[in-house]
$ cat my_file.txt   # compact mmCIF, C-alpha atoms
# COMPACT_ATOMS: atom_id res chain seq x y z
CA MET A 122 -19.67 -23.93 8.58
CA LYS A 123 -16.35 -22.22 7.95
CA THR A 124 -13.34 -23.73 9.77
CA ASN A 125 -12.05 -21.39 12.47
CA THR A 126 -8.46 -20.38 11.75
CA ASN A 127 -6.37 -20.96 14.89
CA ILE A 128 -4.05 -18.45 16.49
CA LYS A 129 -0.87 -19.86 14.91
CA ALA A 130 -2.47 -19.89 11.47
CA ALA A 131 -3.40 -16.22 11.86
CA LEU A 132 0.23 -15.31 12.42
CA THR A 133 1.29 -17.38 9.42
CA ILE A 134 -1.08 -15.32 7.28
CA ALA A 135 0.51 -12.14 8.64
CA THR A 136 3.96 -13.41 7.64
CA ALA A 137 2.84 -13.99 4.07
CA ALA A 138 1.23 -10.56 3.94
CA LEU A 139 4.64 -8.94 4.46
CA LEU A 140 5.77 -10.49 1.18
CA GLY A 141 2.77 -8.96 -0.55
CA THR A 142 1.24 -12.36 -1.27
CA SER A 143 -1.87 -14.14 -0.12
CA ASN A 144 -0.72 -17.27 1.69
CA ALA A 145 -3.77 -18.31 3.65
CA ALA A 146 -3.31 -21.78 2.24
CA GLN A 147 -0.15 -22.29 4.26
CA ALA A 148 -1.97 -21.27 7.42
CA GLU A 149 -4.74 -23.72 6.72
CA THR A 150 -2.19 -26.51 6.30
CA THR A 151 -0.70 -25.64 9.67
CA SER A 152 -4.07 -25.95 11.35
CA THR A 153 -5.65 -28.86 9.44
CA ALA A 154 -2.81 -31.35 9.00
CA GLY A 155 -4.18 -34.87 8.88
CA VAL A 156 -7.80 -33.97 8.16
CA GLU A 157 -9.88 -35.32 5.33
CA GLU A 158 -10.58 -33.40 2.17
CA SER A 159 -12.77 -30.39 2.87
CA ALA A 160 -15.25 -28.45 0.81
CA TRP A 161 -14.30 -25.12 -0.73
CA GLU A 162 -14.25 -22.24 1.73
CA PHE A 163 -14.88 -18.70 0.51
CA ASP A 164 -14.11 -15.27 1.92
CA SER A 165 -15.64 -12.25 0.21
CA ALA A 166 -15.25 -8.58 1.02
CA PHE A 167 -16.21 -5.19 -0.31
CA LEU A 168 -14.21 -2.15 0.82
CA PHE A 169 -14.80 1.54 0.24
CA TYR A 170 -12.15 4.20 0.90
CA SER A 171 -12.79 7.90 0.42
CA GLU A 172 -10.54 10.90 1.04
CA VAL A 173 -12.20 14.26 1.52
CA ASP A 174 -12.13 16.09 -1.87
CA ARG A 175 -9.59 13.58 -3.21
CA VAL A 176 -9.33 9.96 -4.29
CA SER A 177 -12.04 7.37 -3.66
CA ALA A 178 -11.48 3.63 -4.03
CA SER A 179 -13.86 0.68 -4.19
CA GLU A 180 -12.47 -2.84 -3.83
CA ALA A 181 -14.13 -6.25 -4.18
CA ILE A 182 -12.33 -9.42 -3.08
CA ILE A 183 -13.21 -13.09 -3.37
CA ASN A 184 -10.86 -15.65 -1.81
CA ALA A 185 -11.33 -19.43 -2.21
CA THR A 186 -9.49 -22.17 -0.32
CA LYS A 187 -9.62 -25.93 -0.90
CA THR A 188 -7.92 -28.43 1.46
CA PHE A 189 -7.34 -31.89 -0.03
CA ALA A 190 -7.10 -35.19 1.82
CA ASP A 191 -3.32 -35.38 1.47
CA ASP A 192 -2.83 -32.00 3.19
CA GLN A 193 -2.44 -30.12 -0.06
CA VAL A 194 -4.10 -26.72 -0.14
CA LEU A 195 -5.11 -24.56 -3.09
CA ASN A 196 -5.85 -20.88 -2.55
CA LEU A 197 -7.24 -18.58 -5.24
CA LYS A 198 -7.91 -14.87 -4.87
CA LEU A 199 -9.50 -12.28 -7.16
CA THR A 200 -9.32 -8.55 -6.40
CA VAL A 201 -10.96 -5.74 -8.40
CA ASP A 202 -10.21 -2.09 -7.55
CA VAL A 203 -11.75 1.06 -9.00
CA LEU A 204 -10.12 4.42 -8.17
CA THR A 205 -11.53 7.80 -9.08
CA GLY A 206 -11.19 11.40 -7.95
CA ALA A 207 -8.43 13.95 -7.63
CA SER A 208 -4.75 13.29 -6.96
CA ALA A 209 -2.10 15.82 -5.88
CA ASN A 210 0.24 16.54 -8.80
CA GLY A 211 3.15 17.72 -6.58
CA ALA A 212 3.03 21.45 -7.27
CA VAL A 213 2.66 23.87 -4.34
CA ALA A 214 -0.35 26.06 -3.65
CA GLN A 215 -0.08 29.67 -4.81
CA PRO A 216 -1.90 32.95 -4.09
CA ASN A 217 -2.90 33.07 -7.77
CA VAL A 218 -4.71 30.78 -10.21
CA GLN A 219 -2.46 28.06 -11.69
CA THR A 220 -2.77 26.22 -15.01
CA PHE A 221 -1.41 22.72 -15.69
CA THR A 222 -1.31 20.40 -18.69
CA ARG A 223 -2.91 17.01 -18.24
CA PRO A 224 -0.58 13.97 -18.29
CA SER A 225 -1.89 12.93 -21.71
CA GLY A 226 -0.96 16.29 -23.19
CA ASN A 227 -4.56 16.72 -24.28
CA GLY A 228 -6.09 19.65 -22.48
CA GLN A 229 -5.33 21.68 -19.37
CA TYR A 230 -6.89 22.37 -15.98
CA THR A 231 -6.79 25.29 -13.58
CA ILE A 232 -6.45 25.45 -9.80
CA THR A 233 -8.05 28.15 -7.67
CA ALA A 234 -5.76 30.50 -5.74
CA GLY A 235 -4.72 29.04 -2.39
CA ASP A 236 -5.75 25.46 -3.24
CA THR A 237 -3.47 22.42 -3.40
CA PRO A 238 -3.04 21.49 -7.10
CA LEU A 239 -5.06 18.33 -7.77
CA ASP A 240 -5.59 16.57 -11.09
CA ASP A 241 -9.27 15.62 -11.02
CA THR A 242 -9.09 13.20 -13.95
CA PHE A 243 -7.52 10.42 -11.90
CA HIS A 244 -9.22 7.13 -12.76
CA ASP A 245 -8.04 3.56 -12.85
CA THR A 246 -9.32 -0.02 -12.62
CA ARG A 247 -7.16 -2.87 -11.40
CA VAL A 248 -7.83 -6.60 -11.69
CA GLN A 249 -5.54 -8.87 -9.68
CA LEU A 250 -5.33 -12.67 -9.57
CA ASN A 251 -3.33 -14.72 -7.06
CA GLY A 252 -2.91 -18.47 -6.91
CA GLN A 253 -1.15 -20.40 -4.13
CA TRP A 254 -0.38 -24.10 -3.69
CA THR A 255 0.77 -25.49 -0.32
CA GLN A 256 1.73 -28.99 0.75
CA LEU A 257 3.80 -31.02 3.19
CA ILE A 258 7.06 -32.12 1.54
CA ALA A 259 8.52 -33.99 4.54
CA PRO A 260 7.64 -34.46 8.20
CA ASN A 261 7.55 -30.98 9.77
CA TYR A 262 8.31 -29.26 6.44
CA THR A 263 5.68 -27.32 4.51
CA ALA A 264 6.32 -25.68 1.14
CA SER A 265 4.22 -23.13 -0.68
CA GLY A 266 4.42 -21.48 -4.08
CA GLY A 267 2.27 -19.04 -5.96
CA VAL A 268 1.77 -16.75 -8.94
CA HIS A 269 0.48 -13.19 -9.22
CA ILE A 270 -0.88 -11.08 -12.06
CA SER A 271 -2.25 -7.56 -11.79
CA LYS A 272 -3.44 -5.37 -14.67
CA GLU A 273 -4.35 -1.70 -14.69
CA TYR A 274 -4.96 0.68 -17.56
CA ASP A 275 -1.28 1.64 -17.76
CA TYR A 276 0.40 -0.96 -15.54
CA LEU A 277 1.08 -4.71 -15.66
CA SER A 278 2.56 -6.68 -12.77
CA LEU A 279 3.64 -10.33 -12.93
CA GLY A 280 5.05 -12.18 -9.96
CA ILE A 281 5.95 -15.48 -8.33
CA ASN A 282 6.54 -16.39 -4.70
CA GLY A 283 7.69 -19.32 -2.61
CA ASN A 284 7.94 -20.21 1.06
CA ILE A 285 9.18 -23.10 3.18
CA ALA A 286 8.35 -23.59 6.86
CA PHE A 287 9.92 -25.96 9.39
CA ASP A 288 8.14 -26.96 12.60
CA PHE A 289 10.11 -28.14 15.64
CA ASP A 290 9.84 -28.33 19.41
CA ARG A 291 6.65 -30.43 19.14
CA LYS A 292 5.32 -27.88 16.62
CA ASN A 293 5.50 -25.07 19.15
CA SER A 294 8.16 -23.33 17.04
CA THR A 295 8.24 -22.59 13.33
CA PHE A 296 10.98 -21.12 11.17
CA SER A 297 10.05 -19.92 7.69
CA ALA A 298 11.88 -18.48 4.71
CA GLY A 299 10.15 -16.95 1.73
CA PHE A 300 10.80 -14.98 -1.43
CA SER A 301 8.85 -13.19 -4.12
CA TYR A 302 9.82 -11.72 -7.47
CA PHE A 303 7.78 -9.20 -9.47
CA GLN A 304 8.29 -7.62 -12.86
CA ASP A 305 6.20 -4.53 -13.56
CA THR A 306 5.70 -2.67 -16.83
CA PHE A 307 4.57 0.99 -17.00
CA THR A 308 2.86 2.42 -20.08
CA PRO A 309 1.62 5.78 -18.74
CA GLU A 310 -0.83 7.88 -20.66
CA GLY A 311 1.10 10.62 -22.44
CA ARG A 312 4.29 8.48 -22.32
CA ILE A 313 7.18 8.87 -19.88
CA PRO A 314 8.38 12.44 -19.27
CA LYS A 315 12.02 13.48 -19.27
CA PRO A 316 13.20 14.11 -15.70
CA PHE A 317 13.42 17.82 -14.82
CA THR A 318 11.89 18.86 -18.17
CA SER A 319 9.51 21.82 -17.98
CA MET A 320 5.81 21.03 -18.30
CA LEU A 321 4.54 22.37 -21.62
CA ILE A 322 1.78 24.92 -21.00
CA GLY A 323 0.06 26.96 -23.67
CA ASP A 324 -2.30 26.63 -26.60
CA SER A 325 -2.69 22.87 -27.11
CA SER A 326 -4.50 23.47 -30.40
CA SER A 327 -1.44 25.05 -32.03
CA GLY A 328 0.15 23.19 -34.91
CA SER A 329 3.45 22.60 -33.11
CA TRP A 330 1.93 21.39 -29.82
CA ASP A 331 2.29 17.66 -30.48
CA ASP A 332 5.93 18.01 -31.57
CA ASP A 333 6.76 20.27 -28.63
CA PHE A 334 5.06 17.88 -26.21
CA SER A 335 6.98 14.91 -27.67
CA GLU A 336 10.23 16.74 -26.89
CA THR A 337 9.38 16.38 -23.18
CA ARG A 338 9.01 12.57 -23.47
CA ILE A 339 11.65 9.80 -23.45
CA GLY A 340 9.61 6.71 -24.35
CA SER A 341 6.27 4.95 -24.13
CA GLU A 342 7.07 2.36 -21.45
CA ASP A 343 9.56 1.28 -18.80
CA THR A 344 9.94 -1.53 -16.27
CA LYS A 345 10.99 -2.32 -12.74
CA THR A 346 11.71 -5.53 -10.82
CA THR A 347 11.17 -6.24 -7.14
CA THR A 348 12.80 -9.06 -5.18
CA ASP A 349 11.65 -9.69 -1.61
CA ILE A 350 13.15 -12.05 0.95
CA LEU A 351 11.52 -12.75 4.30
CA LEU A 352 12.71 -14.76 7.31
CA GLY A 353 10.21 -15.53 10.03
CA PHE A 354 10.04 -17.23 13.40
CA THR A 355 6.83 -18.14 15.23
CA GLN A 356 6.82 -19.32 18.86
CA VAL A 357 4.03 -20.59 21.05
CA ILE A 358 4.81 -18.98 24.42
CA ASN A 359 2.10 -20.72 26.43
CA ARG A 360 -1.49 -21.85 25.99
CA ARG A 361 -2.64 -18.23 25.78
CA MET A 362 0.12 -16.45 23.89
CA ILE A 363 1.91 -16.80 20.58
CA SER A 364 4.47 -14.44 19.00
CA GLN A 365 6.01 -13.95 15.59
CA PHE A 366 9.18 -12.17 14.46
CA ASN A 367 10.12 -11.35 10.86
CA TYR A 368 12.94 -9.74 8.95
CA SER A 369 12.36 -8.66 5.36
CA TYR A 370 14.70 -7.42 2.64
CA SER A 371 13.39 -5.84 -0.56
CA MET A 372 15.39 -4.77 -3.61
CA VAL A 373 13.72 -2.71 -6.35
CA ASP A 374 15.42 -1.83 -9.65
CA GLY A 375 14.21 0.08 -12.69
CA TYR A 376 11.78 2.93 -13.26
CA LEU A 377 10.76 4.26 -9.82
CA THR A 378 9.82 7.82 -10.81
CA ASP A 379 6.14 8.74 -10.81
CA PRO A 380 5.43 9.99 -14.37
CA PHE A 381 2.46 12.07 -13.16
CA LYS A 382 4.26 14.08 -10.45
CA ILE A 383 5.86 17.50 -10.91
CA LEU A 384 7.69 20.10 -8.80
CA SER A 385 7.18 23.84 -8.60
CA VAL A 386 10.22 26.02 -9.25
CA VAL A 387 9.63 29.22 -7.25
CA SER A 388 11.43 32.57 -7.15
CA ASP A 389 14.09 32.94 -4.45
CA PHE A 390 13.96 34.71 -1.09
CA ASN A 391 15.31 38.01 -2.44
CA ALA A 392 13.03 38.33 -5.46
CA PRO A 393 10.20 40.90 -5.35
CA ASP A 394 7.74 38.06 -6.07
CA SER A 395 9.44 35.62 -3.69
CA GLY A 396 7.78 32.18 -3.66
CA ILE A 397 5.82 32.63 -6.90
CA ALA A 398 6.04 29.65 -9.28
CA GLN A 399 8.25 30.32 -12.28
CA ASP A 400 8.15 26.84 -13.79
CA TYR A 401 6.84 23.31 -13.30
CA ILE A 402 9.22 20.42 -13.96
CA TYR A 403 8.81 16.65 -13.91
CA GLU A 404 10.27 14.83 -10.92
CA SER A 405 13.23 12.41 -10.91
CA ARG A 406 13.93 9.53 -8.52
CA PRO A 407 16.78 7.00 -8.21
CA ASP A 408 16.47 3.83 -10.28
CA SER A 409 16.98 1.52 -7.30
CA ARG A 410 15.77 1.17 -3.73
CA ILE A 411 16.64 -1.24 -0.95
CA LYS A 412 14.16 -1.56 1.92
CA GLN A 413 14.56 -3.54 5.12
CA SER A 414 12.22 -4.07 8.03
CA ILE A 415 11.79 -5.92 11.29
CA TYR A 416 8.38 -6.95 12.51
CA ALA A 417 7.02 -8.39 15.75
CA GLN A 418 3.49 -9.51 16.50
CA SER A 419 1.85 -11.15 19.51
CA LEU A 420 -1.59 -12.57 20.11
CA TYR A 421 -2.81 -13.06 23.66
CA HIS A 422 -6.00 -14.96 24.46
CA PHE A 423 -7.64 -13.79 27.65
CA GLU A 424 -10.48 -15.77 29.18
CA HIS A 425 -12.78 -14.61 26.39
CA SER A 426 -11.21 -11.73 24.43
CA VAL A 427 -8.11 -11.69 22.19
CA LEU A 428 -5.49 -8.94 21.93
CA ASP A 429 -3.49 -8.64 18.69
CA ILE A 430 -0.65 -6.10 18.67
CA SER A 431 2.28 -5.61 16.28
CA TYR A 432 5.19 -3.27 15.63
CA ARG A 433 7.14 -2.72 12.43
CA TYR A 434 10.28 -0.67 11.81
CA MET A 435 11.33 0.01 8.21
CA TRP A 436 14.41 1.71 6.77
CA ASP A 437 15.76 2.10 3.24
CA ASP A 438 18.61 3.64 1.25
CA TRP A 439 16.40 6.61 0.36
CA LYS A 440 16.80 7.55 4.06
CA ILE A 441 13.13 6.91 4.80
CA THR A 442 12.43 5.34 8.17
CA SER A 443 9.03 4.44 9.57
CA HIS A 444 7.41 3.09 12.71
CA THR A 445 4.06 1.27 12.68
CA ILE A 446 2.07 0.16 15.70
CA ASP A 447 -1.08 -1.80 14.98
CA SER A 448 -3.51 -3.20 17.56
CA ARG A 449 -6.85 -5.01 17.61
CA PHE A 450 -8.86 -6.21 20.58
CA ARG A 451 -11.60 -8.75 19.92
CA ILE A 452 -14.37 -8.70 22.53
CA PRO A 453 -17.12 -11.35 22.39
CA LEU A 454 -20.70 -10.20 22.92
CA GLY A 455 -22.24 -13.65 23.24
CA ASP A 456 -25.63 -14.03 21.57
CA THR A 457 -27.06 -10.75 22.87
CA PHE A 458 -26.37 -8.83 19.64
CA GLY A 459 -26.33 -11.75 17.23
CA ARG A 460 -25.15 -15.35 17.34
CA GLU A 461 -21.58 -15.48 18.69
CA SER A 462 -21.22 -11.80 17.92
CA TYR A 463 -18.18 -9.69 18.75
CA ILE A 464 -16.74 -6.21 18.41
CA GLN A 465 -13.11 -5.45 17.58
CA PRO A 466 -11.70 -1.96 18.16
CA HIS A 467 -8.71 -1.12 15.97
CA PHE A 468 -5.98 1.47 16.33
CA ARG A 469 -3.01 2.01 14.02
CA PHE A 470 -0.24 4.61 14.35
CA TYR A 471 2.32 5.32 11.62
CA GLN A 472 5.22 7.77 11.55
CA GLN A 473 7.56 8.35 8.60
CA SER A 474 10.61 10.49 7.89
CA ALA A 475 11.21 12.09 4.48
CA ALA A 476 13.33 10.68 1.66
CA GLU A 477 16.68 12.39 1.27
CA PHE A 478 15.64 13.77 -2.14
CA TYR A 479 12.19 14.91 -1.04
CA GLN A 480 11.71 18.63 -1.71
CA PRO A 481 8.31 20.34 -1.62
CA PHE A 482 9.61 22.90 -4.15
CA LEU A 483 12.80 24.02 -5.90
CA ILE A 484 14.31 27.51 -5.91
CA ASP A 485 14.71 29.22 -9.28
CA GLY A 486 18.39 29.68 -10.17
CA ASP A 487 19.69 26.96 -7.84
CA THR A 488 21.62 24.05 -9.35
CA LEU A 489 19.31 21.13 -9.96
CA PRO A 490 19.91 18.17 -7.61
CA ALA A 491 20.50 14.67 -8.94
CA TYR A 492 17.02 13.65 -7.78
CA ALA A 493 13.99 15.49 -6.44
CA SER A 494 10.34 14.74 -5.76
CA ALA A 495 7.56 16.69 -4.06
CA ASP A 496 5.36 13.60 -3.62
CA TYR A 497 3.93 13.86 -0.10
CA ARG A 498 3.91 10.05 0.14
CA ILE A 499 7.71 10.07 0.56
CA GLY A 500 7.66 13.15 2.79
CA GLU A 501 7.58 13.42 6.55
CA MET A 502 4.22 12.46 8.02
CA THR A 503 2.25 10.96 10.85
CA THR A 504 -0.95 8.98 10.34
CA PHE A 505 -3.43 7.25 12.57
CA THR A 506 -6.41 4.99 12.00
CA VAL A 507 -9.18 4.29 14.50
CA GLY A 508 -12.12 2.05 13.88
CA LEU A 509 -14.47 -0.68 14.96
CA LYS A 510 -15.40 -4.05 13.51
CA TYR A 511 -18.59 -5.94 14.35
CA GLY A 512 -19.05 -9.60 13.43
CA LEU A 513 -21.47 -12.46 13.96
CA LEU A 514 -22.46 -15.89 12.68
CA VAL A 515 -25.38 -16.18 10.24
CA ASN A 516 -27.19 -18.97 8.38
CA ASN A 517 -25.35 -22.24 9.05
CA GLY A 518 -22.37 -20.68 10.76
CA ASP A 519 -21.14 -18.33 8.04
CA ASP A 520 -19.19 -15.29 9.23
CA LEU A 521 -20.49 -11.78 8.54
CA SER A 522 -18.64 -8.65 9.65
CA PHE A 523 -18.76 -4.88 9.20
CA ARG A 524 -15.84 -2.49 9.64
CA LEU A 525 -15.86 1.31 9.80
CA GLU A 526 -12.67 3.35 10.32
CA TYR A 527 -11.43 6.91 10.24
CA TYR A 528 -7.99 7.68 8.80
CA ARG A 529 -6.02 10.92 9.15
CA GLN A 530 -2.70 11.71 7.46
CA ILE A 531 -0.72 14.68 8.80
CA PRO A 532 2.22 15.71 6.57
CA THR A 533 4.80 17.95 8.25
CA ASN A 534 7.62 20.26 7.20
CA ALA A 535 10.87 18.28 7.06
CA GLY A 536 12.95 21.43 7.72
CA PHE A 537 12.48 23.55 4.60
CA ASP A 538 12.46 27.37 4.70
CA GLU A 539 9.52 28.79 2.77
CA PRO A 540 10.15 31.89 0.65
CA GLY A 541 7.70 34.77 0.39
CA VAL A 542 4.13 33.89 -0.45
CA LEU A 543 4.59 30.21 0.45
CA ASN A 544 4.29 31.26 4.08
CA ASP A 545 0.68 32.24 3.39
CA VAL A 546 -0.53 28.97 1.81
CA ASP A 547 -0.92 25.44 3.13
CA LEU A 548 2.00 23.41 1.78
CA TYR A 549 1.25 20.33 3.88
CA PRO A 550 -2.53 19.82 3.91
CA THR A 551 -4.01 17.18 6.20
CA ILE A 552 -5.83 14.30 4.51
CA ASP A 553 -8.92 12.73 6.10
CA ALA A 554 -10.55 9.53 4.89
CA ILE A 555 -13.33 7.11 5.78
CA ILE A 556 -12.92 3.34 5.32
CA GLY A 557 -15.87 0.96 5.24
CA GLN A 558 -15.80 -2.80 4.67
CA VAL A 559 -18.27 -5.68 4.62
CA THR A 560 -16.87 -9.24 4.80
CA TYR A 561 -18.74 -12.52 4.36
CA SER A 562 -17.11 -15.94 4.79
CA PHE A 563 -18.89 -19.14 3.87

$ encode --input "my_file.txt" --output "structure tokens"
Amino acid sequence: MKTNTNIKAALTIATAALLGTSNAAQAETTSTAGVEESAWEFDSAFLFYSEVDRVSASEAIINATKTFADDQVLNLKLTVDVLTGASANGAVAQPNVQTFTRPSGNGQYTITAGDTPLDDTFHDTRVQLNGQWTQLIAPNYTASGGVHISKEYDYLSLGINGNIAFDFDRKNSTFSAGFSYFQDTFTPEGRIPKPFTSMLIGDSSSGSWDDDFSETRIGSEDTKTTTDILLGFTQVINRRMISQFNYSYSMVDGYLTDPFKILSVVSDFNAPDSGIAQDYIYESRPDSRIKQSIYAQSLYHFEHSVLDISYRYMWDDWKITSHTIDSRFRIPLGDTFGRESYIQPHFRFYQQSAAEFYQPFLIDGDTLPAYASADYRIGEMTTFTVGLKYGLLVNNGDDLSFRLEYYRQIPTNAGFDEPGVLNDVDLYPTIDAIIGQVTYSF
């Protein structure tokens, strides 16, 4: 039978998640100190995510944890993702048919009048491995360290992380400090485009096409590094309630531009064809970003049910700010609908402001800014997720659960005036998605 993770361990896992690492091993140490060596415990999950008429993702996860007799814990995790479908290229919808060159430079695709430009060749497979080792290094001190490797078709990420936690006040209070460092290498198909260079559109079979396309490129690969620091404090309030507070600091340097995103350059307000695309240029973003966030989470155990609620506020030097409220309420059903079954409603609300260089389009003839991107992911938006999880015990006490959720993303205008024909098309389309997950722990 799988060991039940206690309430304090659950919050420790949440702390590690903010660093982008899997640190369940540390949580297990917190809850199993002094026990004998245990058998391997496994968590497996399959997740499916699908946006209407856009990207779909399938993800398989297997997580293994081994607790040794001397309170040392090994945690291993394998994740495989497959993404397919259509991805917005950044250009605005138009009242006429539009033609774009594929990122590879081989071939072109057309978009129907009035539709958001989507590149339907989006496809990628990611394999990620994480390893984590945790152990007591002194009375009340627990240290953890891990490695990370993730490989996609055009992307390689290597990382390390470390964390130290100190228990005091009869283990009712815990202070933790952690870090992680990642180095990522991009080798995009079609190579890296020159910022603000016009997309080459025309007869790709012409003899000069390859040379002309190469003139829009600056290299075959680039890199970025990410350093994260996290400080956390966990406090047992009483026998029913525990809270956690975190502060995180993240510094990213290197290539942060998306090589597959472009901007439309449209005619100005006074032109006879106001708002019609005159050109498509590749985006440009700063080569550094500093993000900070504060996070608070509380778990409250009622007589039978458990409420889990958290809030996160993030800000960065791109002038993006965001608010996230996440809540889950676990309600036991007894044995009526399965052995020790339960349901867990989930609601998440997210609100984000736009980056200072976010622009849904550029005006023809205006001086180019230092940076610009039409990527809706750094634009102004509100999202919400609602869903339900159902779980029960099977076989010899293994955990089986099913989760189904609905996600809606609502981009909004961040204060831009829309010239001419852009008033007649949808510049900020809503995105709807369904999320399904099956989890089995044994």

$ closest_residue --input "my_file.txt" --among "A:Lys315, A:Lys382, A:Arg524, A:Arg410" --to "A:Asp349" --atoms "all atoms listed in the file"
A:Arg410

$ residues_around --input "my_file.txt" --residues "A:Ser301" --least-positions-apart "4" --cutoff "8 Å" --atoms "all atoms listed in the file" --output "list of chain:residue names"
A:Leu140, A:Gly280, A:Ile281, A:Asn282, A:Gly283, A:Thr347, A:Thr348, A:Asp349, A:Ile350

$ atom_distance --input "my_file.txt" --atom1 "atom CA of A:Tyr170" --atom2 "atom CA of A:Phe450"
22.5 Å

$ residues_around --input "my_file.txt" --residues "A:Thr233" --least-positions-apart "4" --cutoff "10 Å" --atoms "all atoms listed in the file" --output "list in words"
Ala214, Gln215, Pro216, Asn217, Val218, Gln219, Thr220, Thr237 and Pro238 of chain A

$ residues_around --input "my_file.txt" --residues "A:Ser165" --least-positions-apart "5" --cutoff "8 Å" --atoms "all atoms listed in the file" --output "PyMOL selection string"
chain A and resi 181-184+560-562

$ residues_around --input "my_file.txt" --residues "stretch 332-341 of chain A" --least-positions-apart "2" --cutoff "6 Å" --atoms "only C-alpha atoms" --output "PyMOL selection string"
chain A and resi 308+312-315+329-330

$ write_last_selection --input "my_file.txt" --atoms "C-alpha atoms" --output "mmCIF file, in the coordinates of the input"
data_model
loop_
_atom_site.group_PDB
_atom_site.id
_atom_site.type_symbol
_atom_site.label_atom_id
_atom_site.label_comp_id
_atom_site.auth_asym_id
_atom_site.auth_seq_id
_atom_site.Cartn_x
_atom_site.Cartn_y
_atom_site.Cartn_z
ATOM 1 C CA THR A 308 2.860 2.420 -20.080
ATOM 2 C CA ARG A 312 4.290 8.480 -22.320
ATOM 3 C CA ILE A 313 7.180 8.870 -19.880
ATOM 4 C CA PRO A 314 8.380 12.440 -19.270
ATOM 5 C CA LYS A 315 12.020 13.480 -19.270
ATOM 6 C CA SER A 329 3.450 22.600 -33.110
ATOM 7 C CA TRP A 330 1.930 21.390 -29.820
#

$ closest_atom_pairs --input "my_file.txt" --of "stretch 366-441 of chain A" --to "stretch 463-474 of chain A" --cutoff "10 Å" --atoms "all atoms listed in the file" --output "JSON lines"
{"residue": "A:Ser426", "atom": "CA", "partner": "A:Tyr463", "partner_atom": "CA", "distance": 9.2}
{"residue": "A:Val427", "atom": "CA", "partner": "A:Gln465", "partner_atom": "CA", "distance": 9.2}
{"residue": "A:Leu428", "atom": "CA", "partner": "A:Gln465", "partner_atom": "CA", "distance": 9.4}
{"residue": "A:Asp429", "atom": "CA", "partner": "A:His467", "partner_atom": "CA", "distance": 9.5}
{"residue": "A:Ile430", "atom": "CA", "partner": "A:Phe468", "partner_atom": "CA", "distance": 9.5}
{"residue": "A:Ser431", "atom": "CA", "partner": "A:Arg469", "partner_atom": "CA", "distance": 9.5}
{"residue": "A:Tyr432", "atom": "CA", "partner": "A:Phe470", "partner_atom": "CA", "distance": 9.7}
{"residue": "A:Arg433", "atom": "CA", "partner": "A:Tyr471", "partner_atom": "CA", "distance": 9.4}
{"residue": "A:Tyr434", "atom": "CA", "partner": "A:Gln472", "partner_atom": "CA", "distance": 9.8}
{"residue": "A:Met435", "atom": "CA", "partner": "A:Gln473", "partner_atom": "CA", "distance": 9.2}
{"residue": "A:Trp436", "atom": "CA", "partner": "A:Ser474", "partner_atom": "CA", "distance": 9.6}
{"residue": "A:Lys440", "atom": "CA", "partner": "A:Ser474", "partner_atom": "CA", "distance": 7.9}
{"residue": "A:Ile441", "atom": "CA", "partner": "A:Ser474", "partner_atom": "CA", "distance": 5.4}

$ residues_around --input "my_file.txt" --residues "A:Ile531" --least-positions-apart "2" --cutoff "9 Å" --atoms "all atoms listed in the file" --output "PyMOL selection string"
chain A and resi 501-505+529+533+549-553

$ atom_distance --input "my_file.txt" --atom1 "atom CA of A:Trp254" --atom2 "atom CA of A:Ser369"
22.0 Å

$ closest_residue --input "my_file.txt" --among "A:Leu279, A:Ile270, A:Val507, A:Leu204" --to "A:Thr242" --atoms "all atoms listed in the file"
A:Leu204

$ closest_residue --input "my_file.txt" --among "A:Gly206, A:Gly211, A:Pro532, A:Pro380" --to "A:Tyr401" --atoms "only C-alpha atoms"
A:Gly211

$ residues_near_point --input "my_file.txt" --point "(-20.5, -6.2, 1.0)" --cutoff "6 Å" --atoms "only C-alpha atoms" --output "PDB file with C-alpha atoms, in the frame of the given file"
ATOM      1  CA  ALA A 166     -15.250  -8.580   1.020  1.00  0.00           C
ATOM      2  CA  PHE A 167     -16.210  -5.190  -0.310  1.00  0.00           C
ATOM      3  CA  VAL A 559     -18.270  -5.680   4.620  1.00  0.00           C
TER       4      VAL A 559
END

$ residues_near_point --input "my_file.txt" --point "(-4.5, -24.3, 29.5)" --cutoff "12 Å" --atoms "only C-alpha atoms" --output "number ranges by chain"
A: 358-362, 422-424

$ closest_residue --input "my_file.txt" --among "A:Asp400, A:Asp496, A:Glu342, A:Asp389" --to "A:Tyr376" --atoms "all atoms listed in the file"
A:Glu342

$ closest_residue --input "my_file.txt" --among "A:Asn544, A:Ser326, A:Asn261, A:Ser177" --to "A:Val213" --atoms "all atoms listed in the file"
A:Asn544

$ atom_distance --input "my_file.txt" --atom1 "atom CA of A:Ala212" --atom2 "atom CA of A:Thr318"
14.3 Å

$ closest_residue --input "my_file.txt" --among "A:Gly311, A:Pro490, A:Gly353, A:Pro407" --to "A:Asn284" --atoms "all atoms listed in the file"
A:Gly353

$ axis_aligned_box --input "my_file.txt" --around "stretch 494-497 of chain A" --padding-each-side "3 Å" --output "lines of an AutoDock Vina configuration file"
center_x = 7.1
center_y = 15.1
center_z = -2.9
size_x = 12.4
size_y = 9.1
size_z = 11.7
